[in-house]
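Below: one structure, written as structure tokens.
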Amino acid sequence: MLRAYRSHDIRQAEVPLLAAGTPLMQRAAAATAFETVAELRRRGIGISGTSVLALVGAGNNGGDALFAAARLAQRGMQVSALCLGSCHEQGLAAARRARVRIHSLDEATGGSSEFIESLALPAVVWLDGLVGIGARGALREPMATLVESLEEVRRMRAHEPIMIAIDVPTGVGSDDGVVVGPALHADVTVTMGASKPGLILDPGCRYAGQVVEVPLGIEEFLPPEPALLSLSEADVLDLWDIPGPSSHKYTRGVVGLMTGSDSYPGAALLSAGAALAAGPGMVRYAGPKDVRRMVIARYPEIVTAPGRVQCWVIGSGMDMAETEAAAEAARRLQESVADGFPVVLDAGAIELAVETDLPSTVVLTPHAGELAQLLTGRGEVTTRADVENAPAKYARIAATLTGATILLKGSIDIACGPDDPLYAQGGAPAWRGVAGAGDVQAGLLGAMLAGWGDELAELGQGRGIPARIAAAASWVHGRAAHIAAGPGRGRPITASQISAAIGSAIGDALAN
């Protein structure tokens, strides 16, 4: 399991080590220099004589960059440092001893674009040590203009420089991944002590490149509850109840589907196929009569008679403008909540959470636009762009306002309840973003929750389980999309292909 921590927690964990005289800055500098050399070797670029530009801000992040610059110069690289403001004195002295060429942004050139270009254009490697993990909000001047100029130089080059960021790329919020204004794009981010949420969440992760986590010895001093979790294959398998000799359809979970409509029958087929592929004991379908015939024709093992259900999936492809369907959806939601069983509300059915407070056993599965509509309906005026730039923030707000668990779908899926840990699941191929993929994810999630239905009903509350299962469903969905897309850069896929690959995704995981 990947754990990420807020900047405050990282700093607090460093205190006892710094008090004991542990050379944390030297360790960080050594790791940065090592990863820089490793990246050059991966690209087949020689070390001796290669030009490096260290971008140095005030504070410890700049000190890391200066000490790393000194180490690279000692290896025979041609290193310059562009210092902004008052730099770390010991780091500056070490860089000068190693014959690093020191330049200041406020020297006679005045920090003109021509001056910046003269330093940045020839450099094969840029070390980003401008801003550390404590920065908040948009960059101030003259930092913002410097970053804009550097990004312009990067775009104008025939071959982009190799950008190595120290801890977090400049302009990316360490705690939330928010990017307000200009920011630097890293190829490699060398992050110290532990991962930071901003390197995992959208949109910050798009600036981070490959993230290398460097242990500094602070791990034992970090708090027991991280700011963010990301499940691994082993974590997902821990949630899977592998059938045994005494298992039967009710112990394995019965998932009910109220999905699809005459206008969108495909949603019913997609949610049904995904639910079956996840291995529940039974799938019941309770959609429109004509759609029901299509579902049975495709999947004869699905039951349409009423009966026991341990998790309902409601909303995928439904027309909530149809009075009868909307009333039936609300009834099933109310009954499940009263009995303590989990529910998945997808697509149009998410609107049921606008007027009703819900327990965390109800999981809402919006995309950014749907979440913005939900929040606005709850009195928190929000746009899609707001959600896309701070998905974790708005997912947590939605969970707090509604009481439900949120699975916010995107390139990085976010899962959280009002008080639960925050989960972020990435790594799915971009080919996953196709019509119907959300219907597949809803059916998959419903089947997984159904297996926990009796336990959740007995507990009488979520206790973080729905958020963890939602994160696990996201992991399986992403792995299935990878299988469907194929190796390398993959190929275009359909939602049906994702659904068809769910069994293989689970089977491959179980085989490891």
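Numbering starts fresh at 1 for the residues of each chain in the structure tokens, the chains themselves are lettered A, B, ... in the order given, and ligands are numbered from 1 as they appear.
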
Where does DSSP see helix (DSSP H, G or I) in region 356-492 of chain A, if you list the residues as a VMD selection string? chain A and resid 368 to 377 384 to 389 391 to 402 430 to 432 437 to 450 453 to 459 465 to 485

Need the shell around Val147 (chain A): protein/DNA/RNA residues with any atom at most 8 Å away, counting only C-alpha atoms. Skip same-chain ones fewer than 5 positions apart. Format as a PDB file with C-alpha atoms, in the first residue's frame?
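Written output follows (result-v3.pdb):
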```pdb
ATOM      1  CA  PRO A 182       2.588  28.319 -14.000  1.00  0.00           C
ATOM      2  CA  ALA A 183       4.339  25.116 -12.936  1.00  0.00           C
ATOM      3  CA  LEU A 184       7.344  23.089 -14.050  1.00  0.00           C
TER       4      LEU A 184
END
```

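Residue neighbourhood of Met258 (chain A), excluding near-sequence residues (fewer than 3 positions): A:Tyr285, A:Ala286, A:Gly287, A:Val313, A:Ile314, A:Gly315, at 7 Å, using only C-alpha atoms.
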
N, CA and C atoms of the current selection, written as a PDB file, in the first residue's frame:
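Output file part_25.pdb is given in full below:
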```
ATOM      1  N   TYR A 285     -31.889  -8.626 -11.727  1.00  0.00           N
ATOM      2  CA  TYR A 285     -32.105  -7.431 -12.539  1.00  0.00           C
ATOM      3  C   TYR A 285     -33.537  -6.959 -12.370  1.00  0.00           C
ATOM      4  N   ALA A 286     -33.709  -5.637 -12.161  1.00  0.00           N
ATOM      5  CA  ALA A 286     -35.038  -5.090 -11.890  1.00  0.00           C
ATOM      6  C   ALA A 286     -35.298  -3.845 -12.735  1.00  0.00           C
ATOM      7  N   GLY A 287     -34.855  -3.874 -13.985  1.00  0.00           N
ATOM      8  CA  GLY A 287     -35.081  -2.732 -14.860  1.00  0.00           C
ATOM      9  C   GLY A 287     -36.341  -2.879 -15.682  1.00  0.00           C
ATOM     10  N   VAL A 313     -27.404  -1.630  -7.122  1.00  0.00           N
ATOM     11  CA  VAL A 313     -26.772  -0.645  -8.015  1.00  0.00           C
ATOM     12  C   VAL A 313     -27.901   0.058  -8.741  1.00  0.00           C
ATOM     13  N   ILE A 314     -28.009   1.359  -8.549  1.00  0.00           N
ATOM     14  CA  ILE A 314     -29.150   2.115  -9.059  1.00  0.00           C
ATOM     15  C   ILE A 314     -28.653   3.308  -9.880  1.00  0.00           C
ATOM     16  N   GLY A 315     -29.194   3.467 -11.091  1.00  0.00           N
ATOM     17  CA  GLY A 315     -28.995   4.718 -11.810  1.00  0.00           C
ATOM     18  C   GLY A 315     -28.301   4.655 -13.135  1.00  0.00           C
TER      19      GLY A 315
END
```

Each residue of region 118-169 of chain A lying at most 10 Å from region 56-68 of chain A should get a row with its shortest atom-to-atom pair and the distance in Å to one decimal, counting only C-alpha atoms; could you produce that, ordered by chain and increasing number, as a tab-separated table?
```
residue	atom	partner	partner_atom	distance
A:Leu127	CA	A:Ala65	CA	6.7
A:Asp128	CA	A:Val56	CA	7.1
A:Gly129	CA	A:Gly62	CA	4.9
A:Leu130	CA	A:Gly57	CA	4.0
A:Val131	CA	A:Gly57	CA	6.1
A:Gly132	CA	A:Asn61	CA	5.1
A:Ile133	CA	A:Asn61	CA	8.2
A:Gly134	CA	A:Asn61	CA	9.8
A:Met143	CA	A:Gly57	CA	8.8
A:Ala165	CA	A:Ala65	CA	9.3
A:Ile166	CA	A:Asn61	CA	7.0
A:Asp167	CA	A:Asn61	CA	7.9
A:Val168	CA	A:Asn61	CA	9.6
```

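Using only C-alpha atoms, the smallest distance between any of A:Leu352, A:Ile412, A:Ile406, A:Ala467 and Glu388 (chain A) comes from A:Ile412.
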
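The shortest atom-to-atom distance to Ala424 (chain A), with only C-alpha atoms taken into account, belongs to A:Ser232 out of A:Ser232, A:Gln334, A:Ser112, A:Ser104.
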
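Take CA of Ile465 (chain A) and CA of Asp419 (chain A): the distance between them is 11.6 Å.
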
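Once Leu119 (chain A) and its same-chain neighbours fewer than 5 positions away are set aside, Leu53, Ser80, Ala81, Leu82 and Glu114 of chain A remain within 9 Å of it when counting only C-alpha atoms.
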
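We find CA of Val476 (chain A) and CA of Arg432 (chain A) to be spaced 12.3 Å apart.
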
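Shortest separation to Ala353 (chain A) among A:Ala327, A:Ala135, A:Ala404, A:Ala19 occurs at residue A:Ala404, atoms counted being only C-alpha atoms.
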
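Here CA of Arg489 (chain A) is placed at a distance of 25.1 Å from CA of Leu444 (chain A).
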